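Okay, data.tsv is below, TSV, C-alpha atoms:
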```tsv
chain	number	residue	atom	x	y	z
A	1	MET	CA	39.62	-73.85	43.96
A	2	LYS	CA	39.96	-70.59	45.95
A	3	LYS	CA	42.78	-69.37	43.64
A	4	ASP	CA	40.71	-70.20	40.53
A	5	SER	CA	37.70	-68.35	41.91
A	6	SER	CA	39.69	-65.24	42.77
A	7	LEU	CA	41.25	-65.25	39.31
A	8	GLU	CA	37.83	-65.58	37.73
A	9	ILE	CA	36.56	-62.66	39.82
A	10	LYS	CA	39.52	-60.51	38.80
A	11	LYS	CA	38.95	-61.34	35.13
A	12	ILE	CA	35.27	-60.43	35.40
A	13	ILE	CA	36.09	-57.10	37.10
A	14	THR	CA	38.76	-56.29	34.50
A	15	LEU	CA	36.42	-57.12	31.60
A	16	GLY	CA	33.65	-55.07	33.24
A	17	VAL	CA	35.92	-52.01	33.58
A	18	LEU	CA	37.04	-52.34	29.98
A	19	PHE	CA	33.46	-52.76	28.71
A	20	PHE	CA	32.27	-49.75	30.73
A	21	GLY	CA	35.15	-47.67	29.34
A	22	ILE	CA	34.26	-48.64	25.78
A	23	LEU	CA	30.61	-47.72	26.33
A	24	GLN	CA	31.59	-44.38	27.84
A	25	ALA	CA	33.89	-43.63	24.92
A	26	PHE	CA	31.12	-44.37	22.39
A	27	GLY	CA	28.69	-42.25	24.34
A	28	GLN	CA	31.03	-39.29	24.24
A	29	GLU	CA	31.56	-39.63	20.48
A	30	ALA	CA	27.82	-39.82	19.86
A	31	LYS	CA	27.19	-36.39	21.39
A	32	PRO	CA	27.12	-33.55	18.78
A	33	PRO	CA	29.79	-30.89	19.21
A	34	LYS	CA	28.58	-27.73	20.92
A	35	THR	CA	28.44	-24.54	18.87
A	36	PRO	CA	30.79	-21.92	20.26
A	37	LYS	CA	28.94	-19.08	21.96
A	38	THR	CA	30.73	-16.56	19.75
A	39	GLU	CA	29.16	-17.99	16.56
A	40	LYS	CA	25.80	-16.65	15.42
A	41	THR	CA	23.66	-17.72	12.51
A	42	PRO	CA	23.75	-14.90	9.94
A	43	LYS	CA	20.41	-13.25	9.13
A	44	THR	CA	19.49	-12.88	5.50
A	45	ASP	CA	17.30	-9.80	6.02
A	46	LYS	CA	17.56	-7.05	8.57
A	47	ALA	CA	14.49	-6.25	10.64
A	48	PRO	CA	12.67	-3.30	9.05
A	49	LYS	CA	12.92	-0.01	10.86
A	50	THR	CA	9.72	1.46	12.26
A	51	ASP	CA	8.31	4.05	9.87
A	52	SER	CA	7.03	6.74	12.23
A	53	LEU	CA	5.26	8.66	9.47
A	54	PHE	CA	3.04	5.78	8.36
A	55	SER	CA	2.94	3.61	11.49
A	56	SER	CA	0.22	5.80	12.98
A	57	GLN	CA	-3.20	6.18	11.37
A	58	ALA	CA	-4.10	9.29	13.36
A	59	PRO	CA	-4.40	12.32	11.04
A	60	LEU	CA	-1.23	14.40	11.10
A	61	ASP	CA	-1.52	18.17	11.52
A	62	ILE	CA	0.70	20.07	9.09
A	63	ARG	CA	1.07	23.69	7.98
A	64	MET	CA	2.39	25.15	4.73
A	65	LYS	CA	2.75	28.61	3.25
A	66	ILE	CA	3.13	28.60	-0.53
A	67	SER	CA	2.45	30.49	-3.73
A	68	ILE	CA	0.41	28.15	-5.91
A	69	LYS	CA	1.51	30.08	-9.01
A	70	GLU	CA	5.16	29.53	-8.17
A	71	VAL	CA	4.67	25.85	-7.41
A	72	GLN	CA	2.75	25.32	-10.66
A	73	LYS	CA	5.86	26.39	-12.57
A	74	SER	CA	7.77	23.42	-11.14
A	75	THR	CA	6.69	20.92	-13.76
A	76	LYS	CA	10.18	19.57	-14.54
A	77	ASP	CA	12.18	17.22	-12.31
A	78	SER	CA	14.88	19.82	-11.78
A	79	LEU	CA	12.48	22.52	-10.60
A	80	TRP	CA	11.70	22.29	-6.92
A	81	VAL	CA	10.33	25.17	-4.83
A	82	SER	CA	11.98	25.50	-1.41
A	83	ASP	CA	9.67	25.83	1.55
A	84	LYS	CA	9.27	24.91	5.22
A	85	LEU	CA	6.89	22.27	6.43
A	86	TYR	CA	5.46	22.57	9.93
A	87	TYR	CA	4.11	19.43	11.61
A	88	ARG	CA	2.73	18.57	15.03
A	89	ASN	CA	5.15	16.38	16.96
A	90	SER	CA	4.46	13.75	19.64
A	91	SER	CA	4.48	16.39	22.40
A	92	GLY	CA	1.69	18.32	20.68
A	93	THR	CA	3.76	21.29	19.56
A	94	PHE	CA	4.79	22.22	16.02
A	95	ASP	CA	8.23	21.50	14.58
A	96	SER	CA	9.51	22.76	11.24
A	97	ILE	CA	11.61	20.99	8.64
A	98	PRO	CA	13.10	22.30	5.37
A	99	SER	CA	11.31	20.85	2.36
A	100	GLU	CA	10.91	21.23	-1.37
A	101	LEU	CA	7.72	21.10	-3.41
A	102	LYS	CA	6.93	20.17	-6.99
A	103	THR	CA	3.71	19.56	-8.86
A	104	ARG	CA	2.87	16.16	-10.30
A	105	GLY	CA	0.09	14.39	-12.19
A	106	HIS	CA	-1.82	15.39	-15.31
A	107	PHE	CA	-5.60	15.80	-15.04
A	108	ARG	CA	-5.72	17.32	-11.55
A	109	LEU	CA	-2.74	19.54	-12.34
A	110	ALA	CA	-4.55	20.95	-15.37
A	111	GLU	CA	-8.10	21.09	-13.98
A	112	CYS	CA	-7.81	21.76	-10.24
A	113	TYR	CA	-7.21	24.87	-8.16
A	114	PHE	CA	-4.93	23.01	-5.72
A	115	PRO	CA	-2.24	21.04	-7.57
A	116	PRO	CA	-1.19	17.57	-6.40
A	117	LEU	CA	2.31	17.77	-4.94
A	118	TRP	CA	5.58	16.00	-4.39
A	119	LEU	CA	7.15	16.72	-1.02
A	120	LYS	CA	10.93	16.18	-0.80
A	121	ILE	CA	12.99	16.31	2.40
A	122	ASN	CA	16.76	16.03	2.69
A	123	LYS	CA	17.92	12.84	4.42
A	124	LYS	CA	19.99	14.79	6.96
A	125	ASP	CA	17.08	17.10	7.78
A	126	ALA	CA	14.73	14.11	8.20
A	127	ALA	CA	17.07	12.23	10.57
A	128	GLY	CA	15.55	11.91	14.03
A	129	THR	CA	12.21	13.40	12.93
A	130	LEU	CA	8.80	11.99	12.06
A	131	PHE	CA	9.86	11.97	8.39
A	132	GLU	CA	12.99	9.86	8.84
A	133	GLY	CA	13.26	7.29	6.06
A	134	ASN	CA	10.88	9.22	3.79
A	135	LYS	CA	12.91	11.38	1.45
A	136	LYS	CA	9.96	11.91	-0.89
A	137	VAL	CA	6.20	11.52	-0.44
A	138	LYS	CA	3.12	12.42	-2.44
A	139	LEU	CA	0.64	14.89	-1.00
A	140	VAL	CA	-2.89	14.57	-2.37
A	141	VAL	CA	-5.09	17.60	-1.67
A	142	PRO	CA	-8.63	18.54	-2.75
A	143	CYS	CA	-9.14	19.63	-6.32
A	144	GLY	CA	-11.21	22.76	-5.71
A	145	THR	CA	-12.43	25.19	-3.09
A	146	TYR	CA	-16.07	24.12	-3.34
A	147	LYS	CA	-18.11	22.73	-0.47
A	148	GLY	CA	-17.45	19.05	0.24
A	149	ASN	CA	-13.95	19.09	-1.27
A	150	ASN	CA	-12.45	17.51	1.87
A	151	ASP	CA	-15.06	14.73	1.82
A	152	LEU	CA	-13.79	13.64	-1.59
A	153	ILE	CA	-10.29	13.21	-0.14
A	154	LEU	CA	-11.71	11.11	2.70
A	155	ARG	CA	-13.47	8.91	0.14
A	156	GLU	CA	-10.26	8.47	-1.84
A	157	TYR	CA	-8.38	7.64	1.36
A	158	LEU	CA	-11.07	5.02	2.04
A	159	CYS	CA	-10.20	3.33	-1.26
A	160	TYR	CA	-6.58	2.91	-0.12
A	161	LYS	CA	-7.77	1.41	3.17
A	162	LEU	CA	-10.13	-0.99	1.36
A	163	CYS	CA	-7.23	-2.09	-0.83
A	164	GLU	CA	-5.19	-2.96	2.28
A	165	VAL	CA	-7.82	-5.54	3.28
A	166	ILE	CA	-7.56	-7.25	-0.10
A	167	THR	CA	-3.82	-7.36	-0.75
A	168	PRO	CA	-0.49	-6.68	0.99
A	169	TYR	CA	0.70	-5.00	-2.20
A	170	THR	CA	-0.38	-1.44	-1.48
A	171	PHE	CA	1.03	2.01	-0.87
A	172	ARG	CA	1.09	3.16	2.75
A	173	THR	CA	-1.02	6.26	3.36
A	174	ARG	CA	-1.85	8.71	6.11
A	175	LEU	CA	-4.43	11.47	6.41
A	176	VAL	CA	-3.29	15.01	7.13
A	177	ASN	CA	-5.11	18.10	8.35
A	178	LEU	CA	-3.46	20.82	6.28
A	179	ASP	CA	-3.53	24.49	7.21
A	180	LEU	CA	-2.54	26.02	3.89
A	181	THR	CA	-1.71	29.70	3.53
A	182	GLU	CA	-1.70	30.72	-0.11
A	183	GLN	CA	0.45	33.74	-0.87
A	184	ARG	CA	-1.12	36.03	-3.46
A	185	GLY	CA	1.41	38.81	-3.85
A	186	LYS	CA	1.09	41.01	-0.77
A	187	LYS	CA	-2.13	39.25	0.26
A	188	ALA	CA	-2.69	35.78	1.67
A	189	LYS	CA	-5.63	33.40	1.96
A	190	ASP	CA	-6.01	30.55	4.44
A	191	PHE	CA	-7.51	27.14	3.67
A	192	GLN	CA	-8.23	24.20	5.97
A	193	LEU	CA	-7.79	21.12	3.83
A	194	THR	CA	-7.79	17.37	4.26
A	195	GLY	CA	-4.97	15.61	2.45
A	196	ILE	CA	-3.32	12.22	1.99
A	197	LEU	CA	0.38	11.46	2.32
A	198	ILE	CA	1.35	8.54	0.07
A	199	GLU	CA	4.51	6.47	0.35
A	200	ASP	CA	7.09	6.90	-2.41
A	201	PHE	CA	7.14	4.15	-5.05
A	202	ASP	CA	10.82	3.21	-4.64
A	203	LYS	CA	10.37	2.91	-0.88
A	204	ALA	CA	7.23	0.79	-1.27
A	205	ALA	CA	8.97	-1.59	-3.71
A	206	LYS	CA	11.89	-2.05	-1.33
A	207	ARG	CA	9.52	-2.70	1.59
A	208	LEU	CA	7.81	-5.39	-0.51
A	209	ASN	CA	11.15	-7.09	-1.31
A	210	GLY	CA	10.99	-6.05	-4.93
A	211	GLU	CA	12.45	-3.78	-7.57
A	212	PRO	CA	10.48	-0.84	-9.02
A	213	LYS	CA	9.98	-1.08	-12.77
A	214	GLU	CA	9.20	2.14	-14.59
A	215	GLY	CA	8.87	2.99	-18.25
A	216	ILE	CA	8.20	-0.57	-19.39
A	217	THR	CA	5.16	-2.25	-20.89
A	218	ILE	CA	4.30	-5.86	-20.07
A	219	SER	CA	1.58	-8.32	-21.01
A	220	SER	CA	-1.06	-9.22	-18.46
A	221	ALA	CA	0.26	-12.81	-18.51
A	222	ALA	CA	3.48	-11.58	-16.87
A	223	LEU	CA	1.60	-10.60	-13.71
A	224	GLU	CA	1.18	-13.02	-10.81
A	225	ASP	CA	-2.33	-14.32	-11.53
A	226	THR	CA	-3.92	-14.20	-8.07
A	227	SER	CA	-2.51	-10.77	-7.26
A	228	ALA	CA	-3.60	-9.43	-10.65
A	229	LEU	CA	-7.15	-10.72	-10.22
A	230	ARG	CA	-7.40	-9.11	-6.77
A	231	PHE	CA	-6.32	-5.85	-8.40
A	232	TYR	CA	-9.00	-6.14	-11.12
A	233	MET	CA	-11.75	-7.12	-8.69
A	234	PHE	CA	-10.86	-4.28	-6.33
A	235	GLN	CA	-11.10	-1.74	-9.17
A	236	PHE	CA	-14.49	-3.19	-10.10
A	237	MET	CA	-15.63	-2.97	-6.46
A	238	ILE	CA	-14.85	0.77	-6.22
A	239	SER	CA	-16.02	1.24	-9.85
A	240	ASN	CA	-12.79	2.54	-11.32
A	241	ILE	CA	-11.74	2.02	-14.93
A	242	ASP	CA	-9.09	4.76	-14.98
A	243	TRP	CA	-6.10	2.39	-14.84
A	244	SER	CA	-3.88	0.09	-16.86
A	245	THR	CA	-1.55	-2.54	-15.42
A	246	THR	CA	0.17	-3.19	-18.73
A	247	MET	CA	0.80	0.51	-19.51
A	248	GLN	CA	1.32	1.51	-15.85
A	249	HIS	CA	-1.47	4.09	-15.76
A	250	ASN	CA	-2.45	4.66	-12.11
A	251	ALA	CA	-0.68	1.37	-11.41
A	252	ARG	CA	3.00	0.87	-10.59
A	253	LEU	CA	4.88	-2.28	-11.46
A	254	VAL	CA	7.10	-4.15	-8.98
A	255	HIS	CA	9.33	-7.13	-9.82
A	256	LEU	CA	9.44	-9.25	-6.67
A	257	ARG	CA	12.49	-11.27	-5.63
A	258	SER	CA	10.33	-14.36	-6.09
A	259	GLY	CA	10.32	-13.57	-9.82
A	260	ASN	CA	6.70	-12.41	-10.05
A	261	PHE	CA	5.43	-9.05	-11.27
A	262	ILE	CA	2.71	-7.32	-9.23
A	263	SER	CA	0.89	-3.99	-9.57
A	264	LEU	CA	0.28	-1.33	-6.92
A	265	ALA	CA	-2.92	0.65	-7.39
A	266	TYR	CA	-3.26	4.38	-6.71
A	267	ASP	CA	-5.19	7.53	-7.70
A	268	PHE	CA	-8.89	6.71	-7.26
A	269	ASP	CA	-10.55	10.11	-7.74
A	270	MET	CA	-12.27	8.91	-10.93
A	271	SER	CA	-13.95	6.00	-9.11
A	272	GLY	CA	-17.61	5.60	-8.26
A	273	VAL	CA	-16.85	5.42	-4.53
A	274	VAL	CA	-15.33	8.91	-4.65
A	275	ASP	CA	-17.83	10.24	-7.23
A	276	ALA	CA	-16.04	13.56	-7.71
A	277	PRO	CA	-18.01	16.26	-9.56
A	278	TYR	CA	-15.19	16.55	-12.12
A	279	ALA	CA	-14.91	12.77	-12.68
A	280	GLN	CA	-15.42	11.62	-16.23
A	281	VAL	CA	-15.38	8.34	-18.09
A	282	SER	CA	-12.89	8.01	-20.91
A	283	GLN	CA	-14.60	6.86	-24.10
A	284	ALA	CA	-11.38	5.32	-25.44
A	285	GLY	CA	-12.89	1.89	-24.88
A	286	GLY	CA	-15.74	2.51	-27.33
A	287	ALA	CA	-19.51	2.22	-27.01
A	288	GLU	CA	-19.33	-0.33	-24.21
A	289	MET	CA	-17.99	2.25	-21.75
A	290	PRO	CA	-20.42	3.37	-19.00
A	291	GLU	CA	-22.08	6.79	-19.07
A	292	ASN	CA	-20.86	7.79	-15.60
A	293	VAL	CA	-18.32	6.64	-12.99
A	294	ARG	CA	-20.98	5.13	-10.72
A	295	GLU	CA	-21.83	2.51	-13.35
A	296	ARG	CA	-19.58	-0.51	-12.82
A	297	LEU	CA	-17.73	-2.10	-15.71
A	298	TYR	CA	-15.25	-4.96	-15.30
A	299	ARG	CA	-12.03	-4.20	-17.19
A	300	GLY	CA	-9.81	-6.97	-15.82
A	301	PHE	CA	-8.15	-9.64	-17.91
A	302	CYS	CA	-9.51	-13.18	-17.89
A	303	ALA	CA	-8.03	-15.68	-15.42
A	304	SER	CA	-8.27	-19.45	-15.00
A	305	PRO	CA	-11.52	-20.77	-13.46
A	306	GLY	CA	-9.69	-21.95	-10.34
A	307	VAL	CA	-8.05	-18.59	-9.62
A	308	THR	CA	-11.26	-16.72	-10.47
A	309	GLN	CA	-13.34	-18.75	-8.05
A	310	PHE	CA	-10.67	-18.48	-5.34
A	311	VAL	CA	-10.57	-14.67	-5.51
A	312	ARG	CA	-14.36	-14.47	-5.73
A	313	ASN	CA	-14.69	-16.48	-2.51
A	314	GLU	CA	-11.94	-14.41	-0.90
A	315	PHE	CA	-13.83	-11.16	-1.50
A	316	LEU	CA	-17.08	-12.63	-0.20
A	317	ALA	CA	-15.30	-13.88	2.93
A	318	ASN	CA	-13.93	-10.37	3.54
A	319	LYS	CA	-17.27	-8.61	3.06
A	320	ASP	CA	-17.84	-7.70	6.72
A	321	LYS	CA	-14.23	-6.60	7.13
A	322	LEU	CA	-14.42	-4.36	4.07
A	323	LEU	CA	-17.69	-2.79	5.18
A	324	SER	CA	-16.25	-2.16	8.64
A	325	VAL	CA	-13.48	-0.06	7.05
A	326	VAL	CA	-16.16	2.41	5.94
A	327	ASP	CA	-17.33	2.76	9.56
A	328	GLN	CA	-13.86	3.97	10.54
A	329	LEU	CA	-14.70	7.29	8.87
A	330	LYS	CA	-17.72	7.92	11.09
A	331	GLY	CA	-17.46	11.39	12.53
A	332	GLN	CA	-15.44	12.55	9.52
A	333	LEU	CA	-18.03	11.74	6.86
A	334	SER	CA	-21.75	12.25	7.43
A	335	ASP	CA	-23.94	9.30	8.40
A	336	LYS	CA	-25.69	9.65	5.05
A	337	SER	CA	-22.38	9.36	3.20
A	338	ILE	CA	-21.34	6.33	5.28
A	339	SER	CA	-24.59	4.47	4.59
A	340	GLY	CA	-24.46	5.44	0.90
A	341	ILE	CA	-20.94	4.05	0.46
A	342	LYS	CA	-21.84	0.82	2.26
A	343	LYS	CA	-24.90	0.38	0.06
A	344	TYR	CA	-22.76	0.94	-3.03
A	345	LEU	CA	-20.32	-1.77	-1.87
A	346	GLU	CA	-23.24	-4.09	-1.02
A	347	ASP	CA	-24.28	-3.90	-4.68
A	348	PHE	CA	-20.84	-5.23	-5.61
A	349	PHE	CA	-21.19	-8.20	-3.24
A	350	ASP	CA	-24.66	-8.93	-4.67
A	351	ILE	CA	-23.01	-9.32	-8.08
A	352	LEU	CA	-20.43	-11.70	-6.63
A	353	LYS	CA	-22.94	-13.86	-4.74
A	354	ALA	CA	-25.25	-14.85	-7.59
A	355	ASP	CA	-23.75	-17.07	-10.29
A	356	TYR	CA	-25.76	-15.51	-13.11
A	357	SER	CA	-24.77	-11.92	-12.21
A	358	PHE	CA	-21.14	-12.94	-11.65
A	359	ARG	CA	-21.06	-14.55	-15.08
A	360	ALA	CA	-22.79	-11.61	-16.82
A	361	ASN	CA	-20.80	-8.82	-15.13
A	362	ILE	CA	-17.36	-10.38	-14.78
A	363	LEU	CA	-16.79	-13.65	-16.64
A	364	GLU	CA	-18.36	-12.38	-19.87
A	365	LYS	CA	-16.72	-8.95	-19.59
A	366	CYS	CA	-13.11	-9.99	-18.87
A	367	ARG	CA	-10.57	-9.05	-21.52
A	368	LYS	CA	-8.51	-11.56	-23.45
A	369	GLU	CA	-4.75	-10.98	-23.75
```

The structure given in the file should be rewritten as structure tokens.
Amino acid sequence: MKKDSSLEIKKIITLGVLFFGILQAFGQEAKPPKTPKTEKTPKTDKAPKTDSLFSSQAPLDIRMKISIKEVQKSTKDSLWVSDKLYYRNSSGTFDSIPSELKTRGHFRLAECYFPPLWLKINKKDAAGTLFEGNKKVKLVVPCGTYKGNNDLILREYLCYKLCEVITPYTFRTRLVNLDLTEQRGKKAKDFQLTGILIEDFDKAAKRLNGEPKEGITISSAALEDTSALRFYMFQFMISNIDWSTTMQHNARLVHLRSGNFISLAYDFDMSGVVDAPYAQVSQAGGAEMPENVRERLYRGFCASPGVTQFVRNEFLANKDKLLSVVDQLKGQLSDKSISGIKKYLEDFFDILKADYSFRANILEKCRKE
């Protein structure tokens, strides 16, 4: 009996050891293999570099010395006028950088004393400076020398800032305080101007993960519907009809990687918010066109009821945020101008709120394809 019991005990111990070993083996196989420390998951997109020029919204102090007559001759792509641009750096002193200037645009170039400009900087010269990553930028300056010319630039800048609340598809902008010395032969005249630096189109398209499309005409149906309706409603809000998404007039076309087409709006000096003394309404649209730029007319294309109601509600939800953008110009624009702009925008929201006015001013005015 004792021998049998000891044998039984030995068998039980042996079986237990074997069973435990089997369990341990299974447990080890069930654990996922560890990833070697040297392996890293590849990133599909690199983190964007900080854009020093447009990351700050503080007005940038710049100085230029040019001959307007010489610059006005640079109407072709190959004609650039060499110059130096002086700008205030982070330490508060002025640095200089070699630059080239060329005129751009049509109406302002023909009608204004100060021409709108392209500013081009060599990549090597821009390296390590405030302008790094910006080989070319637009510089918008006042049209004339009359009183209040700088206020018009502030109002146009406001339109860009309002657009940023509505859509991510915008050009980056920054105000500048420009000390301009105009060379007139042996004489010179100094001007203190407010201006706007505007991001280059190719750079903006790349930042938005898209491809710039120039020189093509598309149908309105090719545009991403929600983005397009935001564009139309924004133009109606600031009372601007000087644009065309299909013909790319004051609107640039980007083909996103997602496959959608979107439009970037720019050039708002003919809008009711700016209300420039030289602004005029094109009568190309016939008798239905308004008599002046302050009179709103919806020129957007028709959208589905669902998208239309969604964008309508979106604008109404952003009302306070949009009005607060106007307040950011307090101290630069007069209190009277601030209150006048806010009242003008309030009129737009009154149209959106009431069903009958929304139907009469937008739904019945939208254009068919």

Mind checking which residues fall within 8 Å of stretch 137-148 of chain A, counting all atoms listed in the file, ignoring those fewer than 4 positions away in the same chain, and posting them as a ChimeraX atom specification?
/A:108,111-120,152-153,193-200

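Each of A:Gln248, A:Ser337, A:Ser239, A:Ser227 was compared to A:Gly215 using only C-alpha atoms, and A:Gln248 turns out to be the nearest.
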
Got a sec to check which residues sit within 12 Å of (-0.7, 1.7, -23.1), counting all atoms listed in the file, and write them as a PyMOL selection string?
chain A and resi 215-220+243-251+284

Please identify all polymer residues within 8 Å of stretch 86-97 of chain A, counting all atoms listed in the file, omitting same-chain residues fewer than 2 positions from it, and present them as a ChimeraX atom specification.
/A:60-64,84,99,121,125-126,130

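Across the model, the gap from atom CA of A:Asn240 to atom CA of A:Met270 is 6.4 Å.
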
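Excluding A:Leu208 itself and same-chain residues fewer than 6 positions from it, the residues having an atom within 12 Å of it are Pro48, Thr167, Pro168, Tyr169, Thr170, Phe171, Arg172, Phe201, Asp202, Leu253, Val254, His255, Leu256, Arg257, Ser258, Asn260, Phe261, Ile262, Ser263 and Leu264 of chain A, counting only C-alpha atoms.
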
Can you spit out stretch 86-107 of chain A with N, CA and C atoms, as a PDB file, in the first residue's frame, from the structure just given?
```
ATOM      1  N   TYR A  86      13.185  97.043 -46.095  1.00  0.00           N
ATOM      2  CA  TYR A  86      13.598  97.155 -44.698  1.00  0.00           C
ATOM      3  C   TYR A  86      12.408  96.749 -43.823  1.00  0.00           C
ATOM      4  N   TYR A  87      12.665  95.930 -42.819  1.00  0.00           N
ATOM      5  CA  TYR A  87      11.592  95.474 -41.933  1.00  0.00           C
ATOM      6  C   TYR A  87      12.094  95.446 -40.488  1.00  0.00           C
ATOM      7  N   ARG A  88      11.164  95.668 -39.562  1.00  0.00           N
ATOM      8  CA  ARG A  88      11.529  95.657 -38.146  1.00  0.00           C
ATOM      9  C   ARG A  88      11.590  94.222 -37.643  1.00  0.00           C
ATOM     10  N   ASN A  89      12.713  93.842 -37.095  1.00  0.00           N
ATOM     11  CA  ASN A  89      12.891  92.473 -36.612  1.00  0.00           C
ATOM     12  C   ASN A  89      12.407  92.321 -35.170  1.00  0.00           C
ATOM     13  N   SER A  90      12.572  91.125 -34.610  1.00  0.00           N
ATOM     14  CA  SER A  90      12.058  90.824 -33.269  1.00  0.00           C
ATOM     15  C   SER A  90      12.733  91.645 -32.173  1.00  0.00           C
ATOM     16  N   SER A  91      13.943  92.146 -32.445  1.00  0.00           N
ATOM     17  CA  SER A  91      14.649  92.949 -31.442  1.00  0.00           C
ATOM     18  C   SER A  91      14.260  94.420 -31.499  1.00  0.00           C
ATOM     19  N   GLY A  92      13.429  94.774 -32.497  1.00  0.00           N
ATOM     20  CA  GLY A  92      12.953  96.148 -32.595  1.00  0.00           C
ATOM     21  C   GLY A  92      13.756  97.032 -33.523  1.00  0.00           C
ATOM     22  N   THR A  93      14.832  96.495 -34.099  1.00  0.00           N
ATOM     23  CA  THR A  93      15.629  97.258 -35.047  1.00  0.00           C
ATOM     24  C   THR A  93      15.277  96.845 -36.475  1.00  0.00           C
ATOM     25  N   PHE A  94      15.754  97.625 -37.446  1.00  0.00           N
ATOM     26  CA  PHE A  94      15.427  97.342 -38.843  1.00  0.00           C
ATOM     27  C   PHE A  94      16.521  96.523 -39.512  1.00  0.00           C
ATOM     28  N   ASP A  95      16.089  95.468 -40.218  1.00  0.00           N
ATOM     29  CA  ASP A  95      16.955  94.676 -41.078  1.00  0.00           C
ATOM     30  C   ASP A  95      16.589  94.991 -42.525  1.00  0.00           C
ATOM     31  N   SER A  96      17.498  94.712 -43.443  1.00  0.00           N
ATOM     32  CA  SER A  96      17.195  94.879 -44.864  1.00  0.00           C
ATOM     33  C   SER A  96      17.364  93.542 -45.575  1.00  0.00           C
ATOM     34  N   ILE A  97      16.628  93.394 -46.663  1.00  0.00           N
ATOM     35  CA  ILE A  97      16.701  92.174 -47.451  1.00  0.00           C
ATOM     36  C   ILE A  97      16.517  92.543 -48.916  1.00  0.00           C
ATOM     37  N   PRO A  98      17.333  91.994 -49.822  1.00  0.00           N
ATOM     38  CA  PRO A  98      17.155  92.284 -51.248  1.00  0.00           C
ATOM     39  C   PRO A  98      15.793  91.781 -51.725  1.00  0.00           C
ATOM     40  N   SER A  99      15.134  92.555 -52.547  1.00  0.00           N
ATOM     41  CA  SER A  99      13.819  92.162 -53.042  1.00  0.00           C
ATOM     42  C   SER A  99      13.618  92.700 -54.449  1.00  0.00           C
ATOM     43  N   GLU A 100      12.577  92.192 -55.086  1.00  0.00           N
ATOM     44  CA  GLU A 100      12.199  92.672 -56.413  1.00  0.00           C
ATOM     45  C   GLU A 100      10.717  93.001 -56.405  1.00  0.00           C
ATOM     46  N   LEU A 101      10.336  94.001 -57.178  1.00  0.00           N
ATOM     47  CA  LEU A 101       8.957  94.468 -57.212  1.00  0.00           C
ATOM     48  C   LEU A 101       8.401  94.403 -58.624  1.00  0.00           C
ATOM     49  N   LYS A 102       7.104  94.137 -58.705  1.00  0.00           N
ATOM     50  CA  LYS A 102       6.402  94.155 -59.979  1.00  0.00           C
ATOM     51  C   LYS A 102       4.951  94.506 -59.722  1.00  0.00           C
ATOM     52  N   THR A 103       4.352  95.246 -60.639  1.00  0.00           N
ATOM     53  CA  THR A 103       2.942  95.589 -60.484  1.00  0.00           C
ATOM     54  C   THR A 103       2.077  94.382 -60.819  1.00  0.00           C
ATOM     55  N   ARG A 104       0.834  94.427 -60.381  1.00  0.00           N
ATOM     56  CA  ARG A 104      -0.116  93.363 -60.662  1.00  0.00           C
ATOM     57  C   ARG A 104      -1.507  93.974 -60.737  1.00  0.00           C
ATOM     58  N   GLY A 105      -2.504  93.143 -61.024  1.00  0.00           N
ATOM     59  CA  GLY A 105      -3.887  93.602 -61.034  1.00  0.00           C
ATOM     60  C   GLY A 105      -4.267  94.324 -62.317  1.00  0.00           C
ATOM     61  N   HIS A 106      -5.492  94.836 -62.332  1.00  0.00           N
ATOM     62  CA  HIS A 106      -6.027  95.516 -63.510  1.00  0.00           C
ATOM     63  C   HIS A 106      -6.615  96.885 -63.141  1.00  0.00           C
ATOM     64  N   PHE A 107      -7.750  96.868 -62.439  1.00  0.00           N
ATOM     65  CA  PHE A 107      -8.447  98.118 -62.155  1.00  0.00           C
ATOM     66  C   PHE A 107      -7.579  99.062 -61.323  1.00  0.00           C
TER      67      PHE A 107
END
```
